[in-house]
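Q: Structure file data.cif, mmCIF, N, CA and C atoms, is pasted below:
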```cif
data_protein
#
loop_
_atom_site.group_PDB
_atom_site.id
_atom_site.type_symbol
_atom_site.label_atom_id
_atom_site.label_comp_id
_atom_site.auth_asym_id
_atom_site.auth_seq_id
_atom_site.Cartn_x
_atom_site.Cartn_y
_atom_site.Cartn_z
ATOM 1 N N MET A 135 0.824 -1.179 0.000
ATOM 2 C CA MET A 135 0.000 0.000 0.000
ATOM 3 C C MET A 135 0.875 1.252 0.000
ATOM 4 N N MET A 136 0.465 2.236 -0.747
ATOM 5 C CA MET A 136 1.231 3.465 -0.822
ATOM 6 C C MET A 136 1.016 4.312 0.430
ATOM 7 N N GLU A 137 2.063 5.011 0.804
ATOM 8 C CA GLU A 137 1.938 5.982 1.895
ATOM 9 C C GLU A 137 1.017 7.104 1.419
ATOM 10 N N ARG A 138 0.265 7.669 2.331
ATOM 11 C CA ARG A 138 -0.653 8.755 1.997
ATOM 12 C C ARG A 138 -0.109 10.052 2.578
ATOM 13 N N ILE A 139 -0.313 11.151 1.842
ATOM 14 C CA ILE A 139 0.132 12.458 2.301
ATOM 15 C C ILE A 139 -0.912 13.495 1.892
ATOM 16 N N ALA A 140 -1.247 14.376 2.822
ATOM 17 C CA ALA A 140 -2.218 15.430 2.547
ATOM 18 C C ALA A 140 -1.567 16.524 1.704
ATOM 19 N N VAL A 141 -2.377 17.204 0.916
ATOM 20 C CA VAL A 141 -1.879 18.294 0.077
ATOM 21 C C VAL A 141 -1.130 19.322 0.926
ATOM 22 N N SER A 142 -1.669 19.667 2.070
ATOM 23 C CA SER A 142 -1.016 20.666 2.934
ATOM 24 C C SER A 142 0.372 20.202 3.364
ATOM 25 N N GLU A 143 0.505 18.934 3.703
ATOM 26 C CA GLU A 143 1.815 18.397 4.092
ATOM 27 C C GLU A 143 2.737 18.324 2.884
ATOM 28 N N LEU A 144 2.198 17.987 1.723
ATOM 29 C CA LEU A 144 2.987 17.937 0.503
ATOM 30 C C LEU A 144 3.611 19.302 0.221
ATOM 31 N N ARG A 145 2.820 20.366 0.357
ATOM 32 C CA ARG A 145 3.343 21.717 0.140
ATOM 33 C C ARG A 145 4.520 22.006 1.078
ATOM 34 N N ALA A 146 4.376 21.612 2.318
ATOM 35 C CA ALA A 146 5.398 21.905 3.324
ATOM 36 C C ALA A 146 6.653 21.056 3.143
ATOM 37 N N ARG A 147 6.509 19.871 2.578
ATOM 38 C CA ARG A 147 7.631 18.924 2.492
ATOM 39 C C ARG A 147 7.974 18.529 1.064
ATOM 40 N N LEU A 148 7.694 19.375 0.091
ATOM 41 C CA LEU A 148 7.833 18.995 -1.313
ATOM 42 C C LEU A 148 9.212 18.444 -1.650
ATOM 43 N N SER A 149 10.260 19.105 -1.221
ATOM 44 C CA SER A 149 11.606 18.640 -1.549
ATOM 45 C C SER A 149 11.868 17.238 -0.988
ATOM 46 N N ALA A 150 11.497 17.002 0.254
ATOM 47 C CA ALA A 150 11.688 15.683 0.875
ATOM 48 C C ALA A 150 10.829 14.629 0.179
ATOM 49 N N VAL A 151 9.609 15.002 -0.193
ATOM 50 C CA VAL A 151 8.724 14.067 -0.893
ATOM 51 C C VAL A 151 9.334 13.681 -2.241
ATOM 52 N N LEU A 152 9.849 14.650 -2.971
ATOM 53 C CA LEU A 152 10.478 14.333 -4.258
ATOM 54 C C LEU A 152 11.696 13.444 -4.075
ATOM 55 N N ASP A 153 12.450 13.657 -3.008
ATOM 56 C CA ASP A 153 13.586 12.766 -2.712
ATOM 57 C C ASP A 153 13.101 11.336 -2.525
ATOM 58 N N SER A 154 11.989 11.152 -1.833
ATOM 59 C CA SER A 154 11.483 9.792 -1.604
ATOM 60 C C SER A 154 10.977 9.171 -2.914
ATOM 61 N N ILE A 155 10.391 9.975 -3.772
ATOM 62 C CA ILE A 155 9.937 9.465 -5.075
ATOM 63 C C ILE A 155 11.145 9.020 -5.896
ATOM 64 N N GLU A 156 12.225 9.779 -5.838
ATOM 65 C CA GLU A 156 13.448 9.387 -6.558
ATOM 66 C C GLU A 156 14.004 8.070 -6.040
ATOM 67 N N ARG A 157 13.713 7.739 -4.796
ATOM 68 C CA ARG A 157 14.155 6.455 -4.220
ATOM 69 C C ARG A 157 13.147 5.349 -4.515
ATOM 70 N N ALA A 158 12.276 5.574 -5.481
ATOM 71 C CA ALA A 158 11.303 4.588 -5.954
ATOM 72 C C ALA A 158 10.147 4.370 -4.982
ATOM 73 N N GLU A 159 9.905 5.320 -4.086
ATOM 74 C CA GLU A 159 8.723 5.228 -3.231
ATOM 75 C C GLU A 159 7.528 5.801 -3.989
ATOM 76 N N ARG A 160 6.358 5.410 -3.564
ATOM 77 C CA ARG A 160 5.119 5.894 -4.185
ATOM 78 C C ARG A 160 4.253 6.517 -3.098
ATOM 79 N N LEU A 161 3.565 7.598 -3.446
ATOM 80 C CA LEU A 161 2.718 8.299 -2.482
ATOM 81 C C LEU A 161 1.342 8.561 -3.061
ATOM 82 N N THR A 162 0.343 8.444 -2.214
ATOM 83 C CA THR A 162 -1.013 8.846 -2.572
ATOM 84 C C THR A 162 -1.255 10.210 -1.944
ATOM 85 N N ILE A 163 -1.720 11.152 -2.737
ATOM 86 C CA ILE A 163 -2.003 12.499 -2.243
ATOM 87 C C ILE A 163 -3.486 12.588 -1.912
ATOM 88 N N THR A 164 -3.763 13.147 -0.734
ATOM 89 C CA THR A 164 -5.152 13.262 -0.297
ATOM 90 C C THR A 164 -5.548 14.727 -0.145
ATOM 91 N N ARG A 165 -6.827 14.974 -0.322
ATOM 92 C CA ARG A 165 -7.409 16.293 -0.058
ATOM 93 C C ARG A 165 -8.668 16.055 0.762
ATOM 94 N N GLU A 166 -8.701 16.646 1.928
ATOM 95 C CA GLU A 166 -9.824 16.467 2.849
ATOM 96 C C GLU A 166 -10.104 14.985 3.108
ATOM 97 N N GLY A 167 -9.020 14.215 3.224
ATOM 98 C CA GLY A 167 -9.122 12.801 3.539
ATOM 99 C C GLY A 167 -9.420 11.881 2.373
ATOM 100 N N GLU A 168 -9.653 12.423 1.194
ATOM 101 C CA GLU A 168 -9.969 11.625 0.004
ATOM 102 C C GLU A 168 -8.744 11.524 -0.904
ATOM 103 N N ASP A 169 -8.472 10.321 -1.410
ATOM 104 C CA ASP A 169 -7.376 10.143 -2.358
ATOM 105 C C ASP A 169 -7.694 10.878 -3.656
ATOM 106 N N VAL A 170 -6.728 11.699 -4.136
ATOM 107 C CA VAL A 170 -6.960 12.462 -5.363
ATOM 108 C C VAL A 170 -5.900 12.226 -6.436
ATOM 109 N N ALA A 171 -4.721 11.746 -6.043
ATOM 110 C CA ALA A 171 -3.651 11.554 -7.025
ATOM 111 C C ALA A 171 -2.587 10.639 -6.441
ATOM 112 N N ALA A 172 -1.673 10.234 -7.311
ATOM 113 C CA ALA A 172 -0.535 9.424 -6.871
ATOM 114 C C ALA A 172 0.740 10.002 -7.464
ATOM 115 N N LEU A 173 1.784 9.960 -6.688
ATOM 116 C CA LEU A 173 3.113 10.319 -7.180
ATOM 117 C C LEU A 173 3.904 9.026 -7.270
ATOM 118 N N ILE A 174 4.433 8.753 -8.459
ATOM 119 C CA ILE A 174 5.232 7.546 -8.667
ATOM 120 C C ILE A 174 6.506 7.929 -9.390
ATOM 121 N N PRO A 175 7.552 7.109 -9.278
ATOM 122 C CA PRO A 175 8.797 7.411 -9.973
ATOM 123 C C PRO A 175 8.583 7.502 -11.485
ATOM 124 N N LEU A 176 9.399 8.311 -12.132
ATOM 125 C CA LEU A 176 9.278 8.538 -13.558
ATOM 126 C C LEU A 176 9.388 7.248 -14.368
ATOM 127 N N ASP A 177 10.283 6.346 -13.979
ATOM 128 C CA ASP A 177 10.408 5.078 -14.708
ATOM 129 C C ASP A 177 9.117 4.265 -14.637
ATOM 130 N N ASP A 178 8.467 4.265 -13.475
ATOM 131 C CA ASP A 178 7.195 3.550 -13.336
ATOM 132 C C ASP A 178 6.130 4.181 -14.222
ATOM 133 N N ALA A 179 6.102 5.505 -14.256
ATOM 134 C CA ALA A 179 5.118 6.208 -15.082
ATOM 135 C C ALA A 179 5.350 5.896 -16.560
ATOM 136 N N ALA A 180 6.600 5.891 -16.994
ATOM 137 C CA ALA A 180 6.910 5.587 -18.397
ATOM 138 C C ALA A 180 6.483 4.175 -18.742
ATOM 139 N N TRP A 181 6.707 3.227 -17.822
ATOM 140 C CA TRP A 181 6.312 1.839 -18.051
ATOM 141 C C TRP A 181 4.799 1.739 -18.182
ATOM 142 N N CYS A 182 4.080 2.440 -17.318
ATOM 143 C CA CYS A 182 2.611 2.417 -17.363
ATOM 144 C C CYS A 182 2.090 2.999 -18.669
ATOM 145 N N LEU A 183 2.672 4.095 -19.104
ATOM 146 C CA LEU A 183 2.243 4.713 -20.364
ATOM 147 C C LEU A 183 2.528 3.804 -21.557
ATOM 148 N N ALA A 184 3.695 3.166 -21.559
ATOM 149 C CA ALA A 184 4.034 2.254 -22.649
ATOM 150 C C ALA A 184 3.084 1.064 -22.674
ATOM 151 N N LEU A 185 2.745 0.548 -21.525
ATOM 152 C CA LEU A 185 1.804 -0.568 -21.444
ATOM 153 C C LEU A 185 0.424 -0.137 -21.930
ATOM 154 N N ALA A 186 -0.012 1.041 -21.515
ATOM 155 C CA ALA A 186 -1.311 1.552 -21.969
ATOM 156 C C ALA A 186 -1.319 1.735 -23.482
ATOM 157 N N ASP A 187 -0.238 2.242 -24.048
ATOM 158 C CA ASP A 187 -0.157 2.410 -25.502
ATOM 159 C C ASP A 187 -0.255 1.064 -26.212
ATOM 160 N N ARG A 188 0.369 0.059 -25.638
ATOM 161 C CA ARG A 188 0.344 -1.267 -26.258
ATOM 162 C C ARG A 188 -1.070 -1.843 -26.276
ATOM 163 N N PHE A 189 -1.840 -1.590 -25.229
ATOM 164 C CA PHE A 189 -3.199 -2.109 -25.143
ATOM 165 C C PHE A 189 -4.224 -1.250 -25.880
ATOM 166 N N ARG A 190 -3.941 0.024 -26.041
ATOM 167 C CA ARG A 190 -4.917 0.970 -26.569
ATOM 168 C C ARG A 190 -5.488 0.535 -27.921
ATOM 169 N N ASP A 191 -4.666 0.011 -28.785
ATOM 170 C CA ASP A 191 -5.107 -0.337 -30.139
ATOM 171 C C ASP A 191 -5.662 -1.750 -30.253
ATOM 172 N N GLN A 192 -5.753 -2.468 -29.161
ATOM 173 C CA GLN A 192 -6.227 -3.840 -29.211
ATOM 174 C C GLN A 192 -7.420 -4.021 -28.284
ATOM 175 N N ARG A 193 -8.481 -4.553 -28.805
ATOM 176 C CA ARG A 193 -9.665 -4.817 -27.985
ATOM 177 C C ARG A 193 -9.601 -6.267 -27.490
ATOM 178 N N PRO A 194 -9.785 -6.464 -26.189
ATOM 179 C CA PRO A 194 -9.727 -7.827 -25.671
ATOM 180 C C PRO A 194 -10.992 -8.606 -26.023
ATOM 181 N N PRO A 195 -10.861 -9.917 -26.128
ATOM 182 C CA PRO A 195 -12.035 -10.769 -26.333
ATOM 183 C C PRO A 195 -12.812 -10.921 -25.020
ATOM 184 N N PHE A 196 -13.974 -11.531 -25.097
ATOM 185 C CA PHE A 196 -14.840 -11.562 -23.916
ATOM 186 C C PHE A 196 -15.095 -12.949 -23.343
ATOM 187 N N THR A 197 -14.436 -13.980 -23.831
ATOM 188 C CA THR A 197 -14.514 -15.284 -23.173
ATOM 189 C C THR A 197 -13.175 -15.519 -22.474
ATOM 190 N N GLN A 198 -13.185 -16.265 -21.385
ATOM 191 C CA GLN A 198 -11.950 -16.458 -20.630
ATOM 192 C C GLN A 198 -10.846 -17.120 -21.462
ATOM 193 N N PRO A 199 -11.135 -18.204 -22.210
ATOM 194 C CA PRO A 199 -10.055 -18.808 -23.011
ATOM 195 C C PRO A 199 -9.518 -17.839 -24.065
ATOM 196 N N ALA A 200 -10.411 -17.081 -24.702
ATOM 197 C CA ALA A 200 -9.960 -16.126 -25.712
ATOM 198 C C ALA A 200 -9.160 -14.996 -25.062
ATOM 199 N N LEU A 201 -9.595 -14.565 -23.876
ATOM 200 C CA LEU A 201 -8.864 -13.518 -23.161
ATOM 201 C C LEU A 201 -7.482 -14.005 -22.750
ATOM 202 N N ASP A 202 -7.382 -15.240 -22.263
ATOM 203 C CA ASP A 202 -6.085 -15.803 -21.890
ATOM 204 C C ASP A 202 -5.148 -15.852 -23.086
ATOM 205 N N ALA A 203 -5.654 -16.286 -24.225
ATOM 206 C CA ALA A 203 -4.835 -16.343 -25.441
ATOM 207 C C ALA A 203 -4.414 -14.944 -25.872
ATOM 208 N N TRP A 204 -5.339 -13.989 -25.777
ATOM 209 C CA TRP A 204 -5.043 -12.608 -26.162
ATOM 210 C C TRP A 204 -3.957 -12.028 -25.259
ATOM 211 N N LEU A 205 -4.061 -12.260 -23.935
ATOM 212 C CA LEU A 205 -3.044 -11.764 -23.011
ATOM 213 C C LEU A 205 -1.686 -12.400 -23.285
ATOM 214 N N ASP A 206 -1.671 -13.696 -23.570
ATOM 215 C CA ASP A 206 -0.407 -14.362 -23.921
ATOM 216 C C ASP A 206 0.205 -13.719 -25.155
ATOM 217 N N ASP A 207 -0.640 -13.398 -26.133
ATOM 218 C CA ASP A 207 -0.154 -12.782 -27.362
ATOM 219 C C ASP A 207 0.372 -11.376 -27.105
ATOM 220 N N VAL A 208 -0.372 -10.584 -26.338
ATOM 221 C CA VAL A 208 0.013 -9.196 -26.090
ATOM 222 C C VAL A 208 1.205 -9.105 -25.151
ATOM 223 N N LEU A 209 1.192 -9.892 -24.073
ATOM 224 C CA LEU A 209 2.237 -9.783 -23.058
ATOM 225 C C LEU A 209 3.373 -10.775 -23.234
ATOM 226 N N GLY A 210 3.154 -11.798 -24.040
ATOM 227 C CA GLY A 210 4.128 -12.875 -24.153
ATOM 228 C C GLY A 210 5.511 -12.436 -24.573
ATOM 229 N N SER A 211 5.587 -11.519 -25.497
ATOM 230 C CA SER A 211 6.897 -11.096 -25.989
ATOM 231 C C SER A 211 7.376 -9.805 -25.346
ATOM 232 N N MET A 212 6.655 -9.304 -24.360
ATOM 233 C CA MET A 212 6.975 -8.022 -23.752
ATOM 234 C C MET A 212 8.086 -8.162 -22.724
ATOM 235 N N ASP A 213 9.012 -7.226 -22.758
ATOM 236 C CA ASP A 213 10.006 -7.138 -21.693
ATOM 237 C C ASP A 213 10.152 -5.677 -21.286
ATOM 238 N N LEU A 214 10.706 -5.457 -20.117
ATOM 239 C CA LEU A 214 10.796 -4.113 -19.568
ATOM 240 C C LEU A 214 11.609 -3.188 -20.466
ATOM 241 N N GLY A 215 12.697 -3.687 -21.037
ATOM 242 C CA GLY A 215 13.522 -2.868 -21.927
ATOM 243 C C GLY A 215 12.737 -2.367 -23.120
ATOM 244 N N GLU A 216 11.943 -3.238 -23.697
ATOM 245 C CA GLU A 216 11.108 -2.870 -24.836
ATOM 246 C C GLU A 216 10.099 -1.793 -24.446
ATOM 247 N N LEU A 217 9.483 -1.975 -23.283
ATOM 248 C CA LEU A 217 8.510 -0.981 -22.821
ATOM 249 C C LEU A 217 9.163 0.361 -22.547
ATOM 250 N N MET A 218 10.326 0.341 -21.912
ATOM 251 C CA MET A 218 11.010 1.586 -21.612
ATOM 252 C C MET A 218 11.429 2.294 -22.891
ATOM 253 N N GLU A 219 11.900 1.539 -23.864
ATOM 254 C CA GLU A 219 12.278 2.115 -25.153
ATOM 255 C C GLU A 219 11.062 2.736 -25.822
ATOM 256 N N ALA A 220 9.933 2.055 -25.782
ATOM 257 C CA ALA A 220 8.713 2.598 -26.365
ATOM 258 C C ALA A 220 8.276 3.854 -25.634
ATOM 259 N N ALA A 221 8.470 3.874 -24.329
ATOM 260 C CA ALA A 221 8.051 5.039 -23.537
ATOM 261 C C ALA A 221 8.899 6.256 -23.842
ATOM 262 N N HIS A 222 10.154 6.047 -24.166
ATOM 263 C CA HIS A 222 11.056 7.155 -24.434
ATOM 264 C C HIS A 222 11.237 7.401 -25.931
ATOM 265 N N GLY A 223 10.554 6.569 -26.746
ATOM 266 C CA GLY A 223 10.717 6.572 -28.185
ATOM 267 C C GLY A 223 10.250 7.772 -28.864
#
```
Can the structure from this file be put into structure tokens for me?

A:
Amino acid sequence: MMERIAVSELRARLSAVLDSIERAERLTITREGEDVAALIPLDDAAWCLALADRFRDQRPPFTQPALDAWLDDVLGSMDLGELMEAAHG
């Protein structure tokens, strides 16, 4: 679970919070006790964007066997280096 931090505390501790993000920590930002955003390391964000791009153009099937085959096809040849290259491409 990600550590939670209020917007007011984030303002007061921004430099320290960014240091923790650089150390690969993740934070959930809250406003009035409600989760509103997440801060994650840049490499994680790039990986997420690359993964989303890979899925965006493909519609999944709706039966479990077809979905399993589709996931094997989409994710089977994927590696982190490829995703990172696509994210920075």

Q: Please indicate the distance in Å from atom C of A:Asp207 to atom C of A:Ala172, rounded to one decimal place.

A: 29.0 Å

Q: Sort by chain and increasing residue number a table of all residues of stretch 156-208 of chain A within 8 Å of stretch 144-151 of chain A, each with its closest pair of atoms and their distance in Å to one decimal, counting only N, CA and C atoms, and write it as a Markdown table.

A:
```
| residue | atom | partner | partner_atom | distance |
| --- | --- | --- | --- | --- |
| A:Glu156 | N | A:Val151 | C | 6.0 |
| A:Arg157 | N | A:Val151 | C | 7.8 |
| A:Ile163 | CA | A:Leu144 | CA | 7.9 |
```

Q: Enumerate the residues of stretch 139-197 of chain A with a DSSP assignment of strand (DSSP E or B), computed from the backbone, and present them as number ranges by chain.

A: A: 139-140, 161-165, 168-173

Q: If I put a ball of radius 5 Å at (2.9, 10.3, 0.6) in the file's coordinates, which residues poke into it when counting only N, CA and C atoms, written as a list of chain:residue names?

A: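 Those within range, by chain then number, are A:Glu137, A:Arg138, A:Ile139, A:Leu161, A:Thr162.
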
Q: Output N, CA and C atoms for every residue in that selection, as a PDB file, keeping the file's coordinate frame.

A:
```
ATOM      1  N   GLU A 137       2.063   5.011   0.804  1.00  0.00           N
ATOM      2  CA  GLU A 137       1.938   5.982   1.895  1.00  0.00           C
ATOM      3  C   GLU A 137       1.017   7.104   1.419  1.00  0.00           C
ATOM      4  N   ARG A 138       0.265   7.669   2.331  1.00  0.00           N
ATOM      5  CA  ARG A 138      -0.653   8.755   1.997  1.00  0.00           C
ATOM      6  C   ARG A 138      -0.109  10.052   2.578  1.00  0.00           C
ATOM      7  N   ILE A 139      -0.313  11.151   1.842  1.00  0.00           N
ATOM      8  CA  ILE A 139       0.132  12.458   2.301  1.00  0.00           C
ATOM      9  C   ILE A 139      -0.912  13.495   1.892  1.00  0.00           C
ATOM     10  N   LEU A 161       3.565   7.598  -3.446  1.00  0.00           N
ATOM     11  CA  LEU A 161       2.718   8.299  -2.482  1.00  0.00           C
ATOM     12  C   LEU A 161       1.342   8.561  -3.061  1.00  0.00           C
ATOM     13  N   THR A 162       0.343   8.444  -2.214  1.00  0.00           N
ATOM     14  CA  THR A 162      -1.013   8.846  -2.572  1.00  0.00           C
ATOM     15  C   THR A 162      -1.255  10.210  -1.944  1.00  0.00           C
TER      16      THR A 162
END
```

Q: Is it possible to get the axis-aligned box enclosing stretch 179-187 of chain A (all listed atoms, 5 Å extra per side) as lines of an AutoDock Vina configuration file, with centre and edge lengths in Å rounded to one decimal?

A:
```
center_x = 2.8
center_y = 2.8
center_z = -20.2
size_x = 18.2
size_y = 16.8
size_z = 22.0
```

Q: Interatomic distance between atom CA of A:Ser154 and atom C of A:Ile174?

A: 9.4 Å

Q: Grab the atom N of A:Ile155 to atom N of A:Phe189 distance for me, in Å with one decimal place.

A: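 Atom-to-atom, atom N of A:Ile155 and atom N of A:Phe189 are spaced 27.3 Å apart.
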